[in-house]
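Shown here: protein.txt, compact mmCIF, N, CA, C and O atoms.
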# COMPACT_ATOMS: atom_id res chain seq x y z
N MET H 1 3.26 7.83 6.66
CA MET H 1 4.15 7.67 5.54
C MET H 1 3.32 7.45 4.29
O MET H 1 2.21 6.92 4.35
N THR H 2 3.85 7.81 3.16
CA THR H 2 3.16 7.60 1.89
C THR H 2 4.07 6.87 0.92
O THR H 2 5.30 6.92 1.02
N PHE H 3 3.44 6.21 -0.01
CA PHE H 3 4.15 5.49 -1.06
C PHE H 3 3.36 5.68 -2.33
O PHE H 3 2.18 5.32 -2.39
N ALA H 4 3.94 6.26 -3.35
CA ALA H 4 3.24 6.54 -4.59
C ALA H 4 3.43 5.40 -5.58
O ALA H 4 4.55 4.96 -5.83
N LEU H 5 2.33 4.93 -6.13
CA LEU H 5 2.37 3.95 -7.22
C LEU H 5 2.05 4.70 -8.50
O LEU H 5 1.01 5.34 -8.60
N LYS H 6 2.93 4.62 -9.46
CA LYS H 6 2.76 5.39 -10.70
C LYS H 6 2.70 4.45 -11.89
O LYS H 6 3.12 3.30 -11.82
N ASN H 7 2.17 4.99 -12.99
CA ASN H 7 2.09 4.28 -14.27
C ASN H 7 1.31 2.97 -14.18
O ASN H 7 1.67 1.97 -14.80
N LEU H 8 0.23 2.97 -13.38
CA LEU H 8 -0.63 1.79 -13.31
C LEU H 8 -1.49 1.72 -14.56
O LEU H 8 -1.81 2.74 -15.17
N THR H 9 -1.89 0.54 -14.94
CA THR H 9 -2.75 0.35 -16.10
C THR H 9 -4.20 0.63 -15.72
O THR H 9 -4.68 0.09 -14.73
N PRO H 10 -4.91 1.48 -16.49
CA PRO H 10 -6.32 1.74 -16.19
C PRO H 10 -7.14 0.45 -16.23
O PRO H 10 -7.02 -0.34 -17.16
N GLY H 11 -7.95 0.23 -15.20
CA GLY H 11 -8.80 -0.96 -15.14
C GLY H 11 -8.10 -2.21 -14.62
O GLY H 11 -8.70 -3.28 -14.58
N ALA H 12 -6.85 -2.11 -14.20
CA ALA H 12 -6.09 -3.30 -13.76
C ALA H 12 -6.36 -3.60 -12.29
O ALA H 12 -6.55 -2.70 -11.49
N SER H 13 -6.38 -4.87 -11.95
CA SER H 13 -6.45 -5.30 -10.55
C SER H 13 -5.03 -5.48 -10.04
O SER H 13 -4.19 -6.06 -10.73
N CYS H 14 -4.77 -4.98 -8.84
CA CYS H 14 -3.41 -5.00 -8.29
C CYS H 14 -3.42 -5.53 -6.86
O CYS H 14 -4.42 -5.44 -6.16
N GLU H 15 -2.29 -6.05 -6.44
CA GLU H 15 -2.09 -6.48 -5.06
C GLU H 15 -0.85 -5.78 -4.54
O GLU H 15 0.20 -5.82 -5.17
N LEU H 16 -0.97 -5.13 -3.39
CA LEU H 16 0.14 -4.42 -2.78
C LEU H 16 0.40 -5.07 -1.42
O LEU H 16 -0.50 -5.23 -0.62
N GLN H 17 1.64 -5.49 -1.20
CA GLN H 17 2.04 -6.06 0.09
C GLN H 17 3.00 -5.09 0.76
O GLN H 17 3.96 -4.63 0.14
N LEU H 18 2.74 -4.82 2.03
CA LEU H 18 3.57 -3.90 2.79
C LEU H 18 4.11 -4.62 4.02
O LEU H 18 3.36 -5.26 4.76
N TYR H 19 5.43 -4.56 4.21
CA TYR H 19 6.06 -5.20 5.37
C TYR H 19 7.20 -4.31 5.85
O TYR H 19 7.61 -3.36 5.18
N THR H 20 7.70 -4.60 7.04
CA THR H 20 8.79 -3.81 7.60
C THR H 20 10.13 -4.49 7.36
O THR H 20 10.20 -5.71 7.18
N VAL H 21 11.17 -3.68 7.36
CA VAL H 21 12.53 -4.20 7.15
C VAL H 21 13.43 -3.58 8.23
O VAL H 21 13.38 -2.38 8.49
N TYR H 22 14.24 -4.42 8.87
CA TYR H 22 15.26 -3.94 9.80
C TYR H 22 16.60 -4.41 9.25
O TYR H 22 16.86 -5.61 9.15
N GLU H 23 17.38 -3.44 8.81
CA GLU H 23 18.64 -3.69 8.13
C GLU H 23 18.40 -4.61 6.92
O GLU H 23 17.86 -4.16 5.94
N THR H 24 18.70 -5.90 7.02
CA THR H 24 18.47 -6.79 5.88
C THR H 24 17.36 -7.81 6.15
O THR H 24 17.10 -8.66 5.32
N LYS H 25 16.72 -7.71 7.32
CA LYS H 25 15.71 -8.70 7.69
C LYS H 25 14.29 -8.16 7.47
O LYS H 25 13.97 -7.07 7.95
N GLU H 26 13.49 -8.92 6.75
CA GLU H 26 12.09 -8.56 6.49
C GLU H 26 11.20 -9.19 7.56
O GLU H 26 11.47 -10.28 8.04
N SER H 27 10.12 -8.51 7.91
CA SER H 27 9.18 -9.05 8.88
C SER H 27 8.46 -10.25 8.29
O SER H 27 8.30 -10.38 7.07
N ASP H 28 8.03 -11.16 9.17
CA ASP H 28 7.26 -12.33 8.72
C ASP H 28 5.85 -11.92 8.34
O ASP H 28 5.26 -12.46 7.42
N ALA H 29 5.30 -10.96 9.08
CA ALA H 29 3.92 -10.51 8.83
C ALA H 29 3.93 -9.36 7.82
O ALA H 29 4.87 -8.58 7.74
N TYR H 30 2.86 -9.29 7.06
CA TYR H 30 2.71 -8.19 6.11
C TYR H 30 1.23 -7.90 5.92
O TYR H 30 0.37 -8.69 6.28
N ILE H 31 0.95 -6.75 5.38
CA ILE H 31 -0.42 -6.32 5.08
C ILE H 31 -0.60 -6.39 3.57
O ILE H 31 0.26 -5.94 2.82
N THR H 32 -1.72 -6.95 3.15
CA THR H 32 -2.02 -7.03 1.72
C THR H 32 -3.26 -6.19 1.42
O THR H 32 -4.25 -6.25 2.14
N VAL H 33 -3.18 -5.40 0.36
CA VAL H 33 -4.31 -4.60 -0.10
C VAL H 33 -4.55 -4.96 -1.55
O VAL H 33 -3.63 -4.96 -2.38
N LEU H 34 -5.80 -5.31 -1.88
CA LEU H 34 -6.20 -5.58 -3.26
C LEU H 34 -7.04 -4.39 -3.75
O LEU H 34 -7.91 -3.90 -3.03
N PHE H 35 -6.77 -3.94 -4.96
CA PHE H 35 -7.56 -2.83 -5.50
C PHE H 35 -7.58 -2.91 -7.02
O PHE H 35 -6.77 -3.60 -7.63
N THR H 36 -8.53 -2.22 -7.60
CA THR H 36 -8.65 -2.12 -9.06
C THR H 36 -8.70 -0.66 -9.44
O THR H 36 -9.47 0.11 -8.85
N THR H 37 -7.88 -0.28 -10.40
CA THR H 37 -7.89 1.11 -10.86
C THR H 37 -9.10 1.33 -11.75
O THR H 37 -9.65 0.39 -12.34
N ARG H 38 -9.52 2.57 -11.87
CA ARG H 38 -10.68 2.90 -12.72
C ARG H 38 -10.27 2.81 -14.19
O ARG H 38 -9.21 3.28 -14.56
N PRO H 39 -11.15 2.24 -15.02
CA PRO H 39 -10.84 2.24 -16.46
C PRO H 39 -11.00 3.65 -17.04
O PRO H 39 -11.70 4.48 -16.47
N ASN H 40 -10.33 3.91 -18.15
CA ASN H 40 -10.46 5.19 -18.83
C ASN H 40 -11.81 5.29 -19.51
O ASN H 40 -12.39 4.29 -19.92
N ALA H 41 -12.29 6.51 -19.67
CA ALA H 41 -13.56 6.75 -20.37
C ALA H 41 -13.36 6.58 -21.86
O ALA H 41 -12.26 6.78 -22.38
N PRO H 42 -14.44 6.23 -22.59
CA PRO H 42 -14.32 6.18 -24.05
C PRO H 42 -13.94 7.55 -24.59
O PRO H 42 -14.17 8.58 -23.95
N GLY H 43 -13.39 7.55 -25.79
CA GLY H 43 -12.97 8.80 -26.43
C GLY H 43 -14.12 9.53 -27.08
O GLY H 43 -15.26 9.47 -26.63
N ARG H 44 -13.86 10.18 -28.19
CA ARG H 44 -14.83 11.00 -28.90
C ARG H 44 -16.13 10.25 -29.12
O ARG H 44 -16.14 9.11 -29.55
N PHE H 45 -17.26 10.93 -28.87
CA PHE H 45 -18.59 10.34 -28.95
C PHE H 45 -19.40 11.08 -30.00
O PHE H 45 -19.45 12.32 -29.99
N ILE H 46 -20.02 10.35 -30.92
CA ILE H 46 -20.77 10.98 -32.02
C ILE H 46 -22.14 10.34 -32.12
O ILE H 46 -22.26 9.11 -32.13
N MET H 47 -23.18 11.17 -32.20
CA MET H 47 -24.52 10.67 -32.53
C MET H 47 -24.59 10.64 -34.05
O MET H 47 -24.75 11.68 -34.69
N TRP H 48 -24.44 9.48 -34.65
CA TRP H 48 -24.31 9.35 -36.10
C TRP H 48 -25.65 9.44 -36.81
O TRP H 48 -25.79 10.04 -37.85
N TYR H 49 -26.65 8.80 -36.23
CA TYR H 49 -27.96 8.74 -36.88
C TYR H 49 -29.03 8.66 -35.80
O TYR H 49 -28.82 8.03 -34.76
N ARG H 50 -30.15 9.29 -36.04
CA ARG H 50 -31.29 9.13 -35.14
C ARG H 50 -32.58 9.37 -35.90
O ARG H 50 -32.64 10.14 -36.85
N ASN H 51 -33.61 8.65 -35.48
CA ASN H 51 -34.95 8.87 -36.00
C ASN H 51 -35.92 8.69 -34.84
O ASN H 51 -35.52 8.72 -33.69
N GLU H 52 -37.20 8.47 -35.13
CA GLU H 52 -38.22 8.37 -34.08
C GLU H 52 -38.02 7.16 -33.17
O GLU H 52 -38.46 7.14 -32.03
N THR H 53 -37.37 6.11 -33.66
CA THR H 53 -37.31 4.86 -32.90
C THR H 53 -35.90 4.33 -32.66
O THR H 53 -35.75 3.32 -31.98
N ALA H 54 -34.87 4.97 -33.21
CA ALA H 54 -33.52 4.40 -33.06
C ALA H 54 -32.45 5.50 -33.07
O ALA H 54 -32.67 6.58 -33.59
N ILE H 55 -31.31 5.16 -32.48
CA ILE H 55 -30.14 6.04 -32.51
C ILE H 55 -28.93 5.17 -32.83
O ILE H 55 -28.87 4.02 -32.40
N LEU H 56 -27.99 5.73 -33.58
CA LEU H 56 -26.73 5.05 -33.83
C LEU H 56 -25.64 5.96 -33.27
O LEU H 56 -25.46 7.08 -33.71
N ALA H 57 -24.94 5.46 -32.24
CA ALA H 57 -23.87 6.22 -31.60
C ALA H 57 -22.54 5.55 -31.89
O ALA H 57 -22.43 4.33 -31.87
N LEU H 58 -21.52 6.36 -32.15
CA LEU H 58 -20.17 5.86 -32.40
C LEU H 58 -19.22 6.52 -31.41
O LEU H 58 -19.42 7.65 -31.00
N TRP H 59 -18.17 5.80 -31.01
CA TRP H 59 -17.17 6.37 -30.12
C TRP H 59 -15.83 5.72 -30.35
O TRP H 59 -15.73 4.63 -30.90
N HIS H 60 -14.78 6.39 -29.93
CA HIS H 60 -13.43 5.86 -30.01
C HIS H 60 -13.13 5.07 -28.74
O HIS H 60 -13.67 5.36 -27.68
N ARG H 61 -12.23 4.12 -28.86
CA ARG H 61 -11.80 3.35 -27.69
C ARG H 61 -11.06 4.28 -26.72
O ARG H 61 -10.51 5.29 -27.13
N PRO H 62 -11.03 3.91 -25.43
CA PRO H 62 -10.28 4.73 -24.48
C PRO H 62 -8.80 4.77 -24.86
O PRO H 62 -8.28 3.84 -25.47
N HIS H 63 -8.14 5.87 -24.49
CA HIS H 63 -6.70 5.97 -24.74
C HIS H 63 -6.02 6.48 -23.49
O HIS H 63 -6.40 7.55 -23.01
N PRO H 64 -5.06 5.81 -22.91
CA PRO H 64 -4.66 4.46 -23.30
C PRO H 64 -5.78 3.46 -22.98
O PRO H 64 -6.57 3.69 -22.09
N ALA H 65 -5.79 2.38 -23.73
CA ALA H 65 -6.91 1.45 -23.66
C ALA H 65 -7.10 0.85 -22.28
O ALA H 65 -8.21 0.79 -21.78
N GLY H 66 -6.05 0.39 -21.64
CA GLY H 66 -6.19 -0.22 -20.32
C GLY H 66 -6.95 -1.54 -20.41
O GLY H 66 -7.00 -2.20 -21.43
N ILE H 67 -7.60 -1.90 -19.32
CA ILE H 67 -8.32 -3.16 -19.23
C ILE H 67 -9.79 -2.86 -18.93
O ILE H 67 -10.11 -2.14 -17.99
N TYR H 68 -10.69 -3.38 -19.75
CA TYR H 68 -12.13 -3.25 -19.51
C TYR H 68 -12.81 -4.41 -20.22
O TYR H 68 -12.27 -5.02 -21.13
N SER H 69 -14.01 -4.74 -19.78
CA SER H 69 -14.69 -5.90 -20.34
C SER H 69 -15.74 -5.52 -21.38
O SER H 69 -16.00 -6.26 -22.31
N HIS H 70 -16.40 -4.37 -21.21
CA HIS H 70 -17.45 -3.98 -22.14
C HIS H 70 -17.78 -2.50 -21.94
O HIS H 70 -17.28 -1.86 -21.03
N TYR H 71 -18.64 -1.99 -22.81
CA TYR H 71 -19.16 -0.64 -22.68
C TYR H 71 -20.57 -0.74 -22.13
O TYR H 71 -21.26 -1.73 -22.34
N GLN H 72 -20.99 0.30 -21.43
CA GLN H 72 -22.36 0.32 -20.92
C GLN H 72 -22.90 1.72 -21.06
O GLN H 72 -22.23 2.69 -20.69
N GLY H 73 -24.09 1.84 -21.60
CA GLY H 73 -24.72 3.15 -21.76
C GLY H 73 -25.75 3.37 -20.68
O GLY H 73 -26.17 2.44 -19.98
N VAL H 74 -26.16 4.60 -20.55
CA VAL H 74 -27.22 4.95 -19.61
C VAL H 74 -28.52 4.99 -20.38
O VAL H 74 -28.59 5.51 -21.50
N GLN H 75 -29.55 4.43 -19.81
CA GLN H 75 -30.86 4.41 -20.46
C GLN H 75 -31.33 5.84 -20.69
O GLN H 75 -31.32 6.65 -19.76
N PRO H 76 -31.72 6.19 -21.92
CA PRO H 76 -32.19 7.55 -22.18
C PRO H 76 -33.42 7.87 -21.33
O PRO H 76 -34.24 7.01 -21.05
N ILE H 77 -33.54 9.13 -20.94
CA ILE H 77 -34.69 9.59 -20.16
C ILE H 77 -35.67 10.23 -21.13
O ILE H 77 -35.32 11.18 -21.83
N PRO H 78 -36.90 9.72 -21.20
CA PRO H 78 -37.88 10.32 -22.11
C PRO H 78 -38.21 11.76 -21.69
O PRO H 78 -38.30 12.06 -20.51
N VAL H 79 -38.34 12.62 -22.67
CA VAL H 79 -38.70 14.00 -22.43
C VAL H 79 -40.11 14.20 -22.97
O VAL H 79 -40.38 13.89 -24.13
N VAL H 80 -40.99 14.71 -22.14
CA VAL H 80 -42.37 14.93 -22.57
C VAL H 80 -42.42 16.21 -23.38
O VAL H 80 -41.99 17.26 -22.92
N PRO H 81 -42.92 16.13 -24.62
CA PRO H 81 -42.98 17.34 -25.44
C PRO H 81 -43.98 18.35 -24.86
O PRO H 81 -44.96 17.97 -24.23
N LEU H 82 -43.71 19.63 -25.08
CA LEU H 82 -44.61 20.68 -24.63
C LEU H 82 -45.89 20.67 -25.45
O LEU H 82 -45.88 20.35 -26.65
N ARG H 83 -47.00 21.06 -24.82
CA ARG H 83 -48.25 21.21 -25.57
C ARG H 83 -48.13 22.46 -26.43
O ARG H 83 -47.31 23.33 -26.19
N GLN H 84 -48.96 22.55 -27.44
CA GLN H 84 -48.90 23.66 -28.40
C GLN H 84 -48.96 25.01 -27.70
O GLN H 84 -48.16 25.89 -27.98
N GLU H 85 -49.86 25.18 -26.74
CA GLU H 85 -49.99 26.48 -26.08
C GLU H 85 -48.77 26.80 -25.22
O GLU H 85 -48.35 27.95 -25.10
N GLU H 86 -48.10 25.78 -24.64
CA GLU H 86 -46.88 26.01 -23.87
C GLU H 86 -45.74 26.44 -24.78
O GLU H 86 -44.93 27.29 -24.43
N ARG H 87 -45.66 25.85 -25.99
CA ARG H 87 -44.62 26.24 -26.95
C ARG H 87 -44.81 27.69 -27.38
O ARG H 87 -43.85 28.46 -27.46
N LEU H 88 -46.07 28.07 -27.67
CA LEU H 88 -46.34 29.45 -28.09
C LEU H 88 -45.99 30.44 -26.99
O LEU H 88 -45.39 31.48 -27.24
N ALA H 89 -46.33 30.12 -25.74
CA ALA H 89 -46.02 31.01 -24.63
C ALA H 89 -44.51 31.13 -24.44
O ALA H 89 -44.00 32.22 -24.20
N ALA H 90 -43.79 30.03 -24.55
CA ALA H 90 -42.33 30.05 -24.41
C ALA H 90 -41.70 30.88 -25.51
O ALA H 90 -40.77 31.67 -25.26
N ASN H 91 -42.19 30.75 -26.74
CA ASN H 91 -41.65 31.53 -27.86
C ASN H 91 -41.93 33.01 -27.69
O ASN H 91 -41.08 33.85 -27.98
N SER H 92 -43.13 33.37 -27.23
CA SER H 92 -43.45 34.79 -27.08
C SER H 92 -42.61 35.42 -25.97
O SER H 92 -42.23 36.58 -26.05
N ARG H 93 -42.29 34.67 -24.90
CA ARG H 93 -41.44 35.21 -23.84
C ARG H 93 -40.03 35.47 -24.36
O ARG H 93 -39.39 36.43 -23.98
N ARG H 94 -39.54 34.63 -25.26
CA ARG H 94 -38.19 34.79 -25.80
C ARG H 94 -38.10 35.98 -26.74
O ARG H 94 -37.06 36.59 -26.88
N ARG H 95 -39.19 36.31 -27.42
CA ARG H 95 -39.16 37.36 -28.44
C ARG H 95 -39.33 38.76 -27.88
O ARG H 95 -39.09 39.74 -28.56
N ARG H 96 -39.78 38.91 -26.64
CA ARG H 96 -40.00 40.24 -26.08
C ARG H 96 -38.69 40.98 -25.92
O ARG H 96 -37.71 40.43 -25.46
N ARG H 97 -38.73 42.25 -26.29
CA ARG H 97 -37.56 43.11 -26.10
C ARG H 97 -37.71 43.81 -24.75
O ARG H 97 -38.82 44.11 -24.33
N PRO H 98 -36.59 44.11 -24.13
CA PRO H 98 -36.71 44.88 -22.88
C PRO H 98 -37.29 46.25 -23.17
O PRO H 98 -36.97 46.87 -24.19
N SER H 99 -38.17 46.73 -22.30
CA SER H 99 -38.78 48.05 -22.53
C SER H 99 -37.74 49.13 -22.25
O SER H 99 -36.93 49.01 -21.36
N ARG H 100 -37.83 50.19 -23.05
CA ARG H 100 -36.93 51.33 -22.87
C ARG H 100 -37.66 52.43 -22.13
O ARG H 100 -38.83 52.70 -22.39
N GLY H 101 -36.96 53.09 -21.27
CA GLY H 101 -37.57 54.20 -20.52
C GLY H 101 -37.78 55.41 -21.43
O GLY H 101 -37.08 55.58 -22.42
N HIS H 102 -38.77 56.21 -21.12
CA HIS H 102 -39.04 57.43 -21.91
C HIS H 102 -38.18 58.56 -21.39
O HIS H 102 -37.98 58.72 -20.20
N LEU H 103 -37.70 59.42 -22.31
CA LEU H 103 -36.90 60.58 -21.93
C LEU H 103 -37.73 61.79 -21.74
O LEU H 103 -38.66 62.09 -22.30
Just give me the structure of the file as structure tokens.
Amino acid sequence: MTFALKNLTPGASCELQLYTVYETKESDAYITVLFTTRPNAPGRFIMWYRNETAILALWHRPHPAGIYSHYQGVQPIPVVPLRQEERLAANSRRRRRPSRGHL
């Protein structure tokens, strides 16, 4: 059997109790399930400013907001810049035209 729970608040903790009923009598025993719904993701994300040592990022709150305690970012992964000769080789590969066959 299935039972659909709809219109739950994002990020909310819930308790669901399930028991049996015979005519008008409810069972003494029941099963309890505790769960938390996933919070919504933040909205629009903008890299507002960046330089060699800092970044300023802006974003909109989740919609609908739901329940959440804070935002958390992922640590940026450093990218090793290409050496000069690797950049030149990569650029020359991009500029080559496909060869045409002779008639």
For H:Leu58: contacts at 6 Å, only N, CA, C and O atoms, fewer than 4 positions along chain excluded, given as a PyMOL selection string
chain H and resi 44-48
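Atom N of H:Gln75 sits 12.6 Å away from atom O of H:Ile55.
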If you count only C-alpha atoms, the residue of H:Thr20, H:Ser27, H:Asn7, H:Asn51 closest to H:Gly66 turns out to be H:Asn7
So how far away is atom CA of H:Leu16 from atom CA of H:Tyr71, in Å?
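So the answer is 28.0 Å.
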Separation of atom CA of H:Met1 from atom O of H:Ile31 in Å
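Result for atom O of H:Ile31 versus atom CA of H:Met1: 14.4 Å, one decimal.
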For the point (-12.3, 6.0, -17.6) in the file's frame, write as a tab-separated table (two decimals) with N, CA, C and O atoms, in the frame of the given file all residues with an atom no more than 8 Å away, counting only N, CA, C and O atoms.
chain	number	residue	atom	x	y	z
H	10	PRO	N	-4.91	1.48	-16.49
H	10	PRO	CA	-6.32	1.74	-16.19
H	10	PRO	C	-7.14	0.45	-16.23
H	10	PRO	O	-7.02	-0.34	-17.16
H	11	GLY	N	-7.95	0.23	-15.20
H	11	GLY	CA	-8.80	-0.96	-15.14
H	11	GLY	C	-8.10	-2.21	-14.62
H	11	GLY	O	-8.70	-3.28	-14.58
H	38	ARG	N	-9.52	2.57	-11.87
H	38	ARG	CA	-10.68	2.90	-12.72
H	38	ARG	C	-10.27	2.81	-14.19
H	38	ARG	O	-9.21	3.28	-14.56
H	39	PRO	N	-11.15	2.24	-15.02
H	39	PRO	CA	-10.84	2.24	-16.46
H	39	PRO	C	-11.00	3.65	-17.04
H	39	PRO	O	-11.70	4.48	-16.47
H	40	ASN	N	-10.33	3.91	-18.15
H	40	ASN	CA	-10.46	5.19	-18.83
H	40	ASN	C	-11.81	5.29	-19.51
H	40	ASN	O	-12.39	4.29	-19.92
H	41	ALA	N	-12.29	6.51	-19.67
H	41	ALA	CA	-13.56	6.75	-20.37
H	41	ALA	C	-13.36	6.58	-21.86
H	41	ALA	O	-12.26	6.78	-22.38
H	42	PRO	N	-14.44	6.23	-22.59
H	42	PRO	CA	-14.32	6.18	-24.05
H	42	PRO	C	-13.94	7.55	-24.59
H	42	PRO	O	-14.17	8.58	-23.95
H	62	PRO	N	-11.03	3.91	-25.43
H	62	PRO	CA	-10.28	4.73	-24.48
H	62	PRO	C	-8.80	4.77	-24.86
H	62	PRO	O	-8.28	3.84	-25.47
H	64	PRO	N	-5.06	5.81	-22.91
H	64	PRO	CA	-4.66	4.46	-23.30
H	64	PRO	C	-5.78	3.46	-22.98
H	64	PRO	O	-6.57	3.69	-22.09
H	65	ALA	N	-5.79	2.38	-23.73
H	65	ALA	CA	-6.91	1.45	-23.66
H	65	ALA	C	-7.10	0.85	-22.28
H	65	ALA	O	-8.21	0.79	-21.78
